[in-house]
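Chemist: Sharing structure36.tsv (TSV, C-alpha atoms) below.
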chain	number	residue	atom	x	y	z
A	1	MET	CA	21.96	22.12	25.50
A	2	SER	CA	20.55	23.39	28.80
A	3	ASP	CA	20.40	27.00	27.55
A	4	SER	CA	19.24	26.06	24.06
A	5	PRO	CA	15.78	25.53	22.58
A	6	LYS	CA	14.29	22.17	23.49
A	7	SER	CA	11.11	21.68	21.45
A	8	CYS	CA	11.61	20.20	18.01
A	9	VAL	CA	8.92	19.53	15.39
A	10	LEU	CA	9.56	17.35	12.35
A	11	PHE	CA	7.03	17.83	9.56
A	12	VAL	CA	6.63	15.20	6.84
A	13	PRO	CA	3.60	14.46	4.62
A	14	SER	CA	2.81	11.03	6.07
A	15	LEU	CA	4.20	7.90	7.71
A	16	ILE	CA	4.04	5.72	4.63
A	17	VAL	CA	6.94	3.34	3.99
A	18	GLY	CA	9.30	5.63	2.09
A	19	GLY	CA	12.85	6.94	2.26
A	20	ALA	CA	12.20	10.44	3.60
A	21	GLU	CA	9.51	9.19	5.97
A	22	LYS	CA	11.85	6.59	7.46
A	23	VAL	CA	14.52	9.27	7.86
A	24	PHE	CA	12.15	11.49	9.83
A	25	VAL	CA	11.05	8.64	12.09
A	26	THR	CA	14.69	7.74	12.75
A	27	LEU	CA	15.59	11.35	13.51
A	28	ALA	CA	12.56	11.84	15.75
A	29	ASN	CA	13.46	8.77	17.80
A	30	ARG	CA	17.09	9.81	18.08
A	31	PHE	CA	16.31	13.43	19.00
A	32	ALA	CA	14.00	12.21	21.77
A	33	HIS	CA	16.78	9.95	23.03
A	34	GLU	CA	19.09	12.99	23.10
A	35	GLY	CA	16.68	14.89	25.36
A	36	LEU	CA	14.69	17.03	22.95
A	37	CYS	CA	10.91	17.35	23.24
A	38	VAL	CA	9.95	15.95	19.83
A	39	THR	CA	6.73	16.14	17.84
A	40	LEU	CA	6.40	14.24	14.58
A	41	LEU	CA	3.83	16.23	12.61
A	42	THR	CA	2.22	14.71	9.54
A	43	GLN	CA	0.01	16.15	6.86
A	44	GLY	CA	-2.15	13.03	6.44
A	45	ILE	CA	-3.18	10.09	8.58
A	46	ASN	CA	-1.30	7.24	6.90
A	47	ASN	CA	0.30	5.32	9.77
A	48	GLU	CA	2.32	2.48	8.21
A	49	LEU	CA	5.44	3.51	10.15
A	50	ARG	CA	3.59	4.52	13.34
A	51	GLN	CA	4.72	1.40	15.18
A	52	GLU	CA	8.36	2.39	14.65
A	53	VAL	CA	7.95	5.73	16.44
A	54	ASN	CA	9.37	5.86	19.96
A	55	GLU	CA	6.83	6.32	22.77
A	56	ASN	CA	8.63	9.53	23.81
A	57	VAL	CA	7.78	11.12	20.46
A	58	THR	CA	4.42	12.85	20.09
A	59	VAL	CA	2.70	12.11	16.78
A	60	ARG	CA	0.16	14.61	15.45
A	61	SER	CA	-1.65	14.93	12.13
A	62	LEU	CA	-3.10	17.95	10.34
A	63	ASN	CA	-5.62	15.61	8.67
A	64	VAL	CA	-5.36	17.07	5.18
A	65	ARG	CA	-4.86	15.29	1.88
A	66	ARG	CA	-2.51	17.71	0.12
A	67	SER	CA	0.27	20.01	1.27
A	68	VAL	CA	-1.46	23.17	0.01
A	69	TYR	CA	-4.43	22.43	2.28
A	70	ALA	CA	-2.09	22.29	5.29
A	71	LEU	CA	-1.31	26.02	5.22
A	72	PRO	CA	-4.09	27.25	7.59
A	73	SER	CA	-3.44	24.43	10.07
A	74	LEU	CA	0.31	25.02	9.97
A	75	ILE	CA	-0.16	28.74	10.64
A	76	ARG	CA	-2.29	27.89	13.68
A	77	PHE	CA	0.30	25.34	14.77
A	78	PHE	CA	3.11	27.89	14.69
A	79	VAL	CA	1.00	30.42	16.61
A	80	THR	CA	-0.30	28.09	19.31
A	81	GLU	CA	2.60	25.66	19.79
A	82	LYS	CA	5.49	28.10	19.32
A	83	PRO	CA	8.11	25.45	18.51
A	84	ASP	CA	11.76	26.30	18.95
A	85	ILE	CA	12.92	24.20	16.00
A	86	PHE	CA	10.87	23.21	12.96
A	87	VAL	CA	12.32	20.71	10.48
A	88	SER	CA	10.47	20.05	7.22
A	89	GLY	CA	11.17	17.63	4.40
A	90	LEU	CA	10.25	17.24	0.71
A	91	GLN	CA	9.76	20.19	-1.61
A	92	MET	CA	6.08	21.07	-1.33
A	93	PRO	CA	5.93	20.65	2.48
A	94	ASN	CA	9.08	22.78	2.66
A	95	VAL	CA	7.43	25.56	0.64
A	96	ILE	CA	4.18	25.44	2.63
A	97	SER	CA	6.09	25.33	5.93
A	98	SER	CA	8.12	28.37	4.96
A	99	LEU	CA	4.98	30.26	3.96
A	100	ALA	CA	3.24	29.34	7.24
A	101	HIS	CA	6.38	30.29	9.19
A	102	PHE	CA	6.34	33.70	7.46
A	103	MET	CA	2.61	34.36	7.85
A	104	SER	CA	2.59	33.37	11.53
A	105	CYS	CA	5.63	35.54	12.32
A	106	SER	CA	7.09	32.47	14.01
A	107	ARG	CA	10.45	32.69	15.74
A	108	ALA	CA	11.11	28.97	15.28
A	109	LYS	CA	14.40	28.03	13.70
A	110	HIS	CA	13.22	26.54	10.40
A	111	ILE	CA	15.45	23.85	8.92
A	112	VAL	CA	14.58	22.74	5.39
A	113	THR	CA	15.73	19.29	4.28
A	114	GLU	CA	16.05	18.31	0.62
A	115	HIS	CA	15.99	14.58	-0.16
A	116	SER	CA	16.09	14.46	-3.95
A	117	ASN	CA	18.07	15.67	-6.91
A	118	SER	CA	15.31	17.28	-8.95
A	119	ALA	CA	17.42	18.66	-11.81
A	120	SER	CA	16.06	16.14	-14.34
A	121	GLN	CA	12.46	16.62	-13.18
A	122	LEU	CA	12.89	20.38	-13.46
A	123	ALA	CA	14.16	20.08	-17.03
A	124	GLU	CA	11.09	18.06	-18.02
A	125	MET	CA	8.58	20.56	-16.63
A	126	PRO	CA	6.66	22.97	-18.90
A	127	GLY	CA	8.24	26.44	-18.93
A	128	TRP	CA	5.67	28.20	-16.73
A	129	ARG	CA	5.63	25.42	-14.16
A	130	ARG	CA	9.42	25.26	-14.05
A	131	ILE	CA	9.65	29.02	-13.45
A	132	LEU	CA	7.01	28.81	-10.71
A	133	MET	CA	8.79	25.89	-9.01
A	134	ILE	CA	12.19	27.59	-9.12
A	135	ARG	CA	10.81	30.80	-7.64
A	136	ALA	CA	8.87	28.99	-4.90
A	137	ILE	CA	11.89	26.87	-3.88
A	138	ARG	CA	14.28	29.82	-4.07
A	139	TRP	CA	12.08	32.04	-1.91
A	140	SER	CA	11.23	29.44	0.73
A	141	TYR	CA	14.67	27.85	1.01
A	142	LYS	CA	16.47	31.19	1.25
A	143	ARG	CA	14.18	32.05	4.18
A	144	ALA	CA	15.26	28.97	6.10
A	145	ALA	CA	17.83	29.20	8.85
A	146	LYS	CA	19.65	26.37	7.10
A	147	VAL	CA	19.07	23.97	4.22
A	148	VAL	CA	20.15	20.36	4.70
A	149	ALA	CA	20.99	18.35	1.57
A	150	VAL	CA	21.24	14.60	2.04
A	151	SER	CA	24.15	14.28	-0.41
A	152	LYS	CA	26.71	16.42	-2.20
A	153	GLY	CA	24.84	15.93	-5.46
A	154	VAL	CA	21.62	17.25	-3.93
A	155	LYS	CA	23.51	20.29	-2.66
A	156	GLU	CA	24.94	20.90	-6.12
A	157	CYS	CA	21.41	20.72	-7.57
A	158	LEU	CA	20.12	23.28	-5.06
A	159	VAL	CA	22.97	25.67	-5.81
A	160	THR	CA	22.93	25.36	-9.61
A	161	SER	CA	19.23	24.80	-10.33
A	162	TYR	CA	17.66	27.02	-7.67
A	163	ALA	CA	20.45	29.51	-6.91
A	164	ILE	CA	20.46	28.72	-3.20
A	165	PRO	CA	23.64	30.22	-1.67
A	166	CYS	CA	26.30	27.55	-1.25
A	167	ASP	CA	27.09	28.54	2.34
A	168	GLN	CA	23.43	28.16	3.32
A	169	VAL	CA	23.35	24.47	2.34
A	170	LYS	CA	24.91	21.87	4.59
A	171	VAL	CA	25.32	18.23	3.60
A	172	ILE	CA	24.12	15.81	6.27
A	173	HIS	CA	23.61	12.25	5.11
A	174	ASN	CA	20.53	10.24	5.99
A	175	PRO	CA	20.62	8.44	9.34
A	176	ILE	CA	20.24	4.69	9.53
A	177	ASN	CA	19.45	2.94	12.80
A	178	LEU	CA	22.00	0.22	12.20
A	179	ALA	CA	21.23	-1.68	15.39
A	180	LEU	CA	17.52	-1.84	14.51
A	181	VAL	CA	18.23	-2.86	10.92
A	182	ARG	CA	20.42	-5.73	12.09
A	183	GLN	CA	17.95	-6.79	14.76
A	184	ARG	CA	14.98	-6.83	12.41
A	185	SER	CA	16.95	-8.66	9.75
A	186	GLN	CA	16.85	-11.70	12.06
A	187	ASP	CA	13.09	-12.14	11.57
A	188	SER	CA	12.27	-15.36	9.78
A	189	ILE	CA	10.86	-15.42	6.26
A	190	THR	CA	9.25	-18.41	4.60
A	191	HIS	CA	9.54	-17.40	0.97
A	192	PRO	CA	10.79	-20.53	-0.86
A	193	TRP	CA	13.35	-18.59	-2.90
A	194	PHE	CA	15.14	-17.72	0.34
A	195	THR	CA	14.83	-21.08	2.07
A	196	LYS	CA	16.45	-22.93	-0.83
A	197	THR	CA	20.00	-22.01	-1.82
A	198	ASP	CA	20.25	-23.74	-5.19
A	199	ILE	CA	19.60	-20.53	-7.17
A	200	PRO	CA	20.97	-17.14	-6.05
A	201	VAL	CA	18.54	-14.30	-5.35
A	202	ALA	CA	18.91	-10.58	-6.01
A	203	VAL	CA	16.69	-8.11	-4.19
A	204	ALA	CA	15.61	-4.61	-5.17
A	205	VAL	CA	13.78	-2.26	-2.81
A	206	GLY	CA	11.81	0.88	-3.57
A	207	ARG	CA	8.55	2.36	-4.71
A	208	LEU	CA	7.38	1.25	-8.13
A	209	THR	CA	7.97	4.63	-9.76
A	210	PRO	CA	9.82	5.76	-12.90
A	211	ALA	CA	12.77	7.06	-10.87
A	212	LYS	CA	13.58	3.54	-9.61
A	213	ASN	CA	13.72	2.29	-13.21
A	214	PHE	CA	12.77	-1.29	-12.37
A	215	SER	CA	11.81	-1.73	-16.01
A	216	MET	CA	15.51	-1.50	-16.91
A	217	LEU	CA	16.31	-4.00	-14.16
A	218	LEU	CA	13.94	-6.46	-15.84
A	219	ASP	CA	15.86	-5.99	-19.09
A	220	ALA	CA	19.07	-6.76	-17.18
A	221	MET	CA	17.47	-9.95	-15.86
A	222	VAL	CA	16.84	-11.10	-19.44
A	223	ALA	CA	20.56	-10.68	-20.20
A	224	ILE	CA	21.53	-12.47	-16.98
A	225	HIS	CA	19.20	-15.39	-17.65
A	226	LYS	CA	21.15	-16.13	-20.83
A	227	MET	CA	24.29	-16.63	-18.72
A	228	ARG	CA	23.13	-18.27	-15.48
A	229	PRO	CA	20.08	-18.76	-13.21
A	230	LEU	CA	19.21	-15.83	-10.95
A	231	ARG	CA	15.99	-14.84	-9.24
A	232	LEU	CA	14.89	-11.29	-8.44
A	233	VAL	CA	12.56	-10.12	-5.68
A	234	ILE	CA	11.35	-6.52	-5.89
A	235	VAL	CA	10.13	-5.18	-2.53
A	236	GLY	CA	7.87	-2.16	-2.91
A	237	GLU	CA	4.54	-0.91	-4.18
A	238	GLY	CA	3.49	1.86	-6.51
A	239	ALA	CA	1.71	3.10	-9.59
A	240	LEU	CA	3.82	1.08	-12.03
A	241	ARG	CA	2.90	-2.35	-10.64
A	242	SER	CA	0.58	-3.33	-13.49
A	243	SER	CA	3.01	-2.23	-16.21
A	244	LEU	CA	5.86	-4.12	-14.52
A	245	GLU	CA	3.69	-7.21	-14.16
A	246	ASN	CA	2.87	-7.03	-17.86
A	247	LYS	CA	6.53	-6.66	-18.76
A	248	ILE	CA	7.54	-9.59	-16.56
A	249	GLU	CA	5.05	-11.78	-18.39
A	250	ARG	CA	6.00	-10.43	-21.80
A	251	LEU	CA	9.72	-11.09	-21.21
A	252	GLY	CA	9.05	-14.60	-19.92
A	253	LEU	CA	10.39	-13.80	-16.46
A	254	SER	CA	7.43	-14.99	-14.39
A	255	SER	CA	9.46	-17.80	-12.82
A	256	GLN	CA	12.49	-15.59	-12.17
A	257	VAL	CA	11.01	-12.29	-10.92
A	258	MET	CA	8.51	-11.59	-8.15
A	259	LEU	CA	6.92	-8.31	-7.09
A	260	LEU	CA	6.63	-8.83	-3.35
A	261	GLY	CA	4.76	-5.62	-2.55
A	262	SER	CA	5.43	-3.20	0.28
A	263	GLN	CA	7.01	-4.71	3.40
A	264	THR	CA	7.33	-2.89	6.71
A	265	ASN	CA	10.35	-5.10	7.38
A	266	PRO	CA	12.35	-5.65	4.18
A	267	PHE	CA	15.58	-6.39	6.06
A	268	PRO	CA	15.41	-10.21	6.20
A	269	TYR	CA	15.07	-10.22	2.42
A	270	ILE	CA	18.06	-7.91	2.02
A	271	ALA	CA	20.13	-9.90	4.52
A	272	GLN	CA	19.44	-13.24	2.87
A	273	ALA	CA	19.83	-12.06	-0.71
A	274	ASN	CA	23.02	-12.64	-2.65
A	275	LEU	CA	23.07	-9.01	-3.76
A	276	LEU	CA	21.10	-5.77	-3.75
A	277	ALA	CA	20.38	-4.25	-7.16
A	278	VAL	CA	19.71	-0.50	-7.47
A	279	SER	CA	18.59	0.46	-10.98
A	280	SER	CA	17.53	4.06	-10.30
A	281	SER	CA	17.74	6.87	-12.82
A	282	ARG	CA	17.98	9.33	-9.93
A	283	GLU	CA	18.30	9.22	-6.16
A	284	GLY	CA	18.76	11.69	-3.36
A	285	PHE	CA	20.79	9.39	-1.14
A	286	SER	CA	19.58	5.73	-1.26
A	287	ASN	CA	19.00	4.50	2.28
A	288	VAL	CA	18.71	0.92	1.11
A	289	ILE	CA	22.35	0.85	-0.02
A	290	VAL	CA	23.49	1.66	3.51
A	291	GLU	CA	21.06	-0.89	4.94
A	292	ALA	CA	22.47	-3.57	2.64
A	293	LEU	CA	26.04	-2.70	3.59
A	294	ALA	CA	25.07	-2.89	7.26
A	295	LEU	CA	23.78	-6.42	6.66
A	296	GLY	CA	26.82	-7.53	4.68
A	297	THR	CA	24.97	-7.78	1.37
A	298	PRO	CA	26.90	-6.80	-1.78
A	299	VAL	CA	25.52	-3.85	-3.77
A	300	VAL	CA	25.33	-3.15	-7.48
A	301	SER	CA	23.96	0.27	-8.36
A	302	THR	CA	23.61	2.65	-11.25
A	303	ASN	CA	25.85	5.67	-10.93
A	304	CYS	CA	22.86	7.98	-10.93
A	305	PRO	CA	22.65	11.44	-9.42
A	306	SER	CA	23.17	11.74	-6.54
A	307	GLY	CA	23.64	9.29	-3.70
A	308	PRO	CA	24.98	5.86	-4.71
A	309	ALA	CA	28.52	6.84	-5.75
A	310	GLU	CA	28.85	8.94	-2.61
A	311	VAL	CA	27.73	6.11	-0.33
A	312	LEU	CA	29.81	3.51	-2.15
A	313	GLU	CA	32.83	5.84	-2.33
A	314	GLU	CA	33.03	5.76	-6.12
A	315	GLY	CA	32.85	1.97	-6.28
A	316	GLU	CA	35.07	1.08	-3.33
A	317	TRP	CA	32.17	-0.67	-1.55
A	318	GLY	CA	30.07	-1.83	-4.49
A	319	ARG	CA	29.91	-1.84	-8.27
A	320	LEU	CA	28.58	1.20	-10.15
A	321	THR	CA	27.22	1.10	-13.68
A	322	ALA	CA	25.94	3.61	-16.22
A	323	VAL	CA	22.34	4.79	-15.87
A	324	ASP	CA	19.80	3.05	-18.12
A	325	ASP	CA	22.28	0.45	-19.36
A	326	PRO	CA	20.79	-3.02	-18.70
A	327	ASN	CA	23.75	-4.90	-20.15
A	328	ALA	CA	26.23	-3.09	-17.90
A	329	LEU	CA	23.99	-3.71	-14.89
A	330	ALA	CA	23.68	-7.39	-15.80
A	331	GLU	CA	27.45	-7.76	-16.16
A	332	ALA	CA	28.09	-6.09	-12.81
A	333	MET	CA	25.51	-8.30	-11.08
A	334	LEU	CA	27.07	-11.44	-12.57
A	335	ASP	CA	30.56	-10.34	-11.53
A	336	THR	CA	29.34	-9.57	-8.00
A	337	LEU	CA	27.89	-13.06	-7.61
A	338	GLU	CA	31.37	-14.48	-8.22
A	339	GLU	CA	33.45	-12.20	-5.99
A	340	GLU	CA	34.26	-12.52	-2.31
A	341	LYS	CA	32.31	-10.38	0.12
A	342	LYS	CA	33.95	-7.43	1.86
A	343	VAL	CA	33.41	-6.24	5.43
A	344	TYR	CA	30.69	-3.87	4.24
A	345	TYR	CA	29.49	-2.82	7.68
A	346	ARG	CA	32.60	-0.68	8.12
A	347	ARG	CA	31.24	1.70	5.50
A	348	ALA	CA	27.70	1.57	6.91
A	349	ASP	CA	28.94	2.78	10.30
A	350	ALA	CA	29.55	6.25	8.81
A	351	PHE	CA	25.77	6.69	8.49
A	352	SER	CA	24.63	5.61	11.96
A	353	ASP	CA	21.67	7.48	13.41
A	354	ILE	CA	23.76	8.42	16.44
A	355	SER	CA	26.41	10.32	14.50
A	356	ILE	CA	23.96	11.87	12.02
A	357	ALA	CA	21.62	13.09	14.78
A	358	LYS	CA	24.54	14.82	16.49
A	359	GLN	CA	25.25	16.73	13.27
A	360	TYR	CA	21.64	17.93	13.20
A	361	ILE	CA	21.67	18.91	16.86
A	362	LYS	CA	24.83	20.93	16.35
A	363	LEU	CA	23.05	22.69	13.47
A	364	PHE	CA	20.04	23.40	15.70
A	365	PHE	CA	22.06	25.11	18.38
A	366	ASP	CA	24.62	26.96	16.29
A	367	ASP	CA	23.95	30.67	16.17
Can you dump the structure from the file as structure tokens?
Modeler:
Amino acid sequence: MSDSPKSCVLFVPSLIVGGAEKVFVTLANRFAHEGLCVTLLTQGINNELRQEVNENVTVRSLNVRRSVYALPSLIRFFVTEKPDIFVSGLQMPNVISSLAHFMSCSRAKHIVTEHSNSASQLAEMPGWRRILMIRAIRWSYKRAAKVVAVSKGVKECLVTSYAIPCDQVKVIHNPINLALVRQRSQDSITHPWFTKTDIPVAVAVGRLTPAKNFSMLLDAMVAIHKMRPLRLVIVGEGALRSSLENKIERLGLSSQVMLLGSQTNPFPYIAQANLLAVSSSREGFSNVIVEALALGTPVVSTNCPSGPAEVLEEGEWGRLTAVDDPNALAEAMLDTLEEEKKVYYRRADAFSDISIAKQYIKLFFDD
């Protein structure tokens, strides 16, 4: 690496508690540990994950609310800072970064990362908006030195939906700092559902958005409650909180389901739960599945595009059920409560931040 570029900028909209944001923080910390001069550049000033950023990583903000407003500041950044490597994540920041890279005549090696399978979203868009999105993604991603897809399914989406050349897209899974996850899982929690062991507890983690399909998980809980007692804790916050609260009350689940809100440290809840439930209609990768495996917690997940089946090796390390099928999810959760645990951490080791960061660094310095 002595003759290779050293400065690396990672651009992500904010440091809110989210999958892509956690990935960028993990990568930034690992790249700094590997000797790169790392800047974590954000669009806004949300700092929920700021405390998790290593002191050797510089954190800067463009102080804008939306990605489109970041274009002038990004152009100036490319001109004045002259980074050697620029890594962006999420679709709109990727497009704006590519445009700024072009307009500034930057010589930085631009790596675009794609964290979601957007095929279903694309199909639901109005015709004009879909055409505009396809053209913007196609132009900006083809300009990149390389496109990183976080799963094989995401790569397939990029190739089939956006016509990105197959050989330009490399699959690199999301990195998980396994040591940190295990360390933080030791923090104590006082929630009564976890201090008493008379009734098993399932945990679900994610933003309260349609893609996570927690509404279907509530339907599964109704089916489960007919068979045996089980409690559910949903860790996360989002726009659907009020509708989920209303549904919990309407289904009579107030004593069985709790919306815990966003937690900067969800790992004690995952570690102490009897299982992790993933009810998503779509995913890019699903970090939380790896985190659960690292903590020895059994996983039940929908077989949604694109990450869960890949992480769980088609059901080898956890049960997979059909998307949007509450009865199948309920049955799988009940079966999981009765089975013996496996040595799940063996699968989690494949996604350690150390090995994933090395794959990125190799990509940075390949000609």
Chemist: Find the distance between CA of Gln121 in chain A and CA of Trp139 in chain A and write it in Å to one decimal.
Modeler: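 Interatomic distance, CA of Gln121 in chain A to CA of Trp139 in chain A: 19.1 Å.
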Chemist: Distance CA of Ser352 in chain A-CA of Val95 in chain A, one decimal place?
Modeler: 28.7 Å
Chemist: Can you tell me, as a PyMOL selection string, which residues sit within 12 Å of (13.1, 7.0, -7.8) in the file's frame, using all atoms listed in the file?
Modeler: chain A and resi 18-20+115-118+120-121+205-214+236+238+240+278-287+302+304-307
Chemist: Interatomic distance between CA of Pro175 in chain A and CA of His101 in chain A?
Modeler: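 These two atoms are separated by 26.1 Å.
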Chemist: Return the single residue from A:Gly318, A:Val57, A:Val222, A:Glu291 that is closest to Ala179 in chain A, with distances computed using all atoms listed in the file.
Modeler: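 Checking each candidate against Ala179 in chain A, we get A:Glu291 as the closest.
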Chemist: Name the residues in contact with range 28-34 of chain A at a cut-off of 12 Å, using all atoms listed in the file, excluding same-chain residues fewer than 3 positions from it; report them as a PyMOL selection string.
Modeler: chain A and resi 1-2+6-12+21-25+37-41+50-59+85-87+175-177+180+352-362+364
Chemist: I need the residue nearest Arg107 in chain A from this list: A:Gly35, A:Pro83, A:Pro126, A:Gly89. Use all atoms listed in the file for the distance.
Modeler: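 So, comparing all the options, the nearest one is A:Pro83.
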Chemist: Which residue out of A:Arg231, A:Thr297, A:Val112, A:Ile96 has the minimum interatomic distance to Pro192 in chain A when all atoms listed in the file are used?
Modeler: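 Checking each candidate against Pro192 in chain A, we get A:Arg231 as the closest.
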Chemist: Under the rule that only C-alpha atoms are counted, which of A:Leu27, A:Ala136, A:Ile16, A:Met125 is the nearest residue to Asn47 in chain A?
Modeler: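 Of the candidates, the smallest distance to Asn47 in chain A is held by A:Ile16.
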Chemist: Select all residues near (18.7, -14.4, -14.2) (cut-off 10 Å, inclusive, file coordinates), counting all atoms listed in the file, and output them as JSON, numbers by chain.
Modeler: {"A": [199, 200, 201, 202, 218, 220, 221, 222, 223, 224, 225, 226, 227, 228, 229, 230, 231, 232, 253, 255, 256, 257, 330, 333, 334]}
Chemist: Please identify all polymer residues within 12 Å of Pro165 in chain A, counting all atoms listed in the file, omitting same-chain residues fewer than 2 positions from it, and present them as a list in words.
Modeler: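 Using all atoms listed in the file, the neighbours found are Arg138, Trp139, Tyr141, Lys142, Arg143, Ala144, Lys146, Val147, Lys155, Glu156, Cys157, Leu158, Val159, Thr160, Ser161, Tyr162, Ala163, Asp167, Gln168, Val169 and Lys170 of chain A.
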Chemist: For range 48-59 of chain A, supply N, CA and C atoms and report the output as a tab-separated table (two decimals), in the frame of the given file.
Modeler:
chain	number	residue	atom	x	y	z
A	48	GLU	N	1.58	3.73	8.41
A	48	GLU	CA	2.32	2.48	8.21
A	48	GLU	C	3.54	2.39	9.12
A	49	LEU	N	4.23	3.51	9.34
A	49	LEU	CA	5.44	3.51	10.15
A	49	LEU	C	5.19	3.91	11.60
A	50	ARG	N	3.91	4.05	11.98
A	50	ARG	CA	3.59	4.52	13.34
A	50	ARG	C	4.19	3.63	14.41
A	51	GLN	N	4.21	2.32	14.17
A	51	GLN	CA	4.72	1.40	15.18
A	51	GLN	C	6.22	1.55	15.41
A	52	GLU	N	6.91	2.21	14.50
A	52	GLU	CA	8.36	2.39	14.65
A	52	GLU	C	8.71	3.67	15.39
A	53	VAL	N	7.71	4.47	15.74
A	53	VAL	CA	7.95	5.73	16.44
A	53	VAL	C	8.07	5.48	17.93
A	54	ASN	N	9.13	6.01	18.53
A	54	ASN	CA	9.37	5.86	19.96
A	54	ASN	C	8.23	6.45	20.78
A	55	GLU	N	7.94	5.85	21.92
A	55	GLU	CA	6.83	6.32	22.77
A	55	GLU	C	7.08	7.72	23.32
A	56	ASN	N	8.32	8.18	23.33
A	56	ASN	CA	8.63	9.53	23.81
A	56	ASN	C	8.43	10.59	22.74
A	57	VAL	N	8.04	10.19	21.55
A	57	VAL	CA	7.78	11.12	20.46
A	57	VAL	C	6.27	11.31	20.31
A	58	THR	N	5.83	12.55	20.31
A	58	THR	CA	4.42	12.85	20.09
A	58	THR	C	4.13	12.86	18.60
A	59	VAL	N	3.09	12.15	18.19
A	59	VAL	CA	2.70	12.11	16.78
A	59	VAL	C	1.38	12.85	16.62
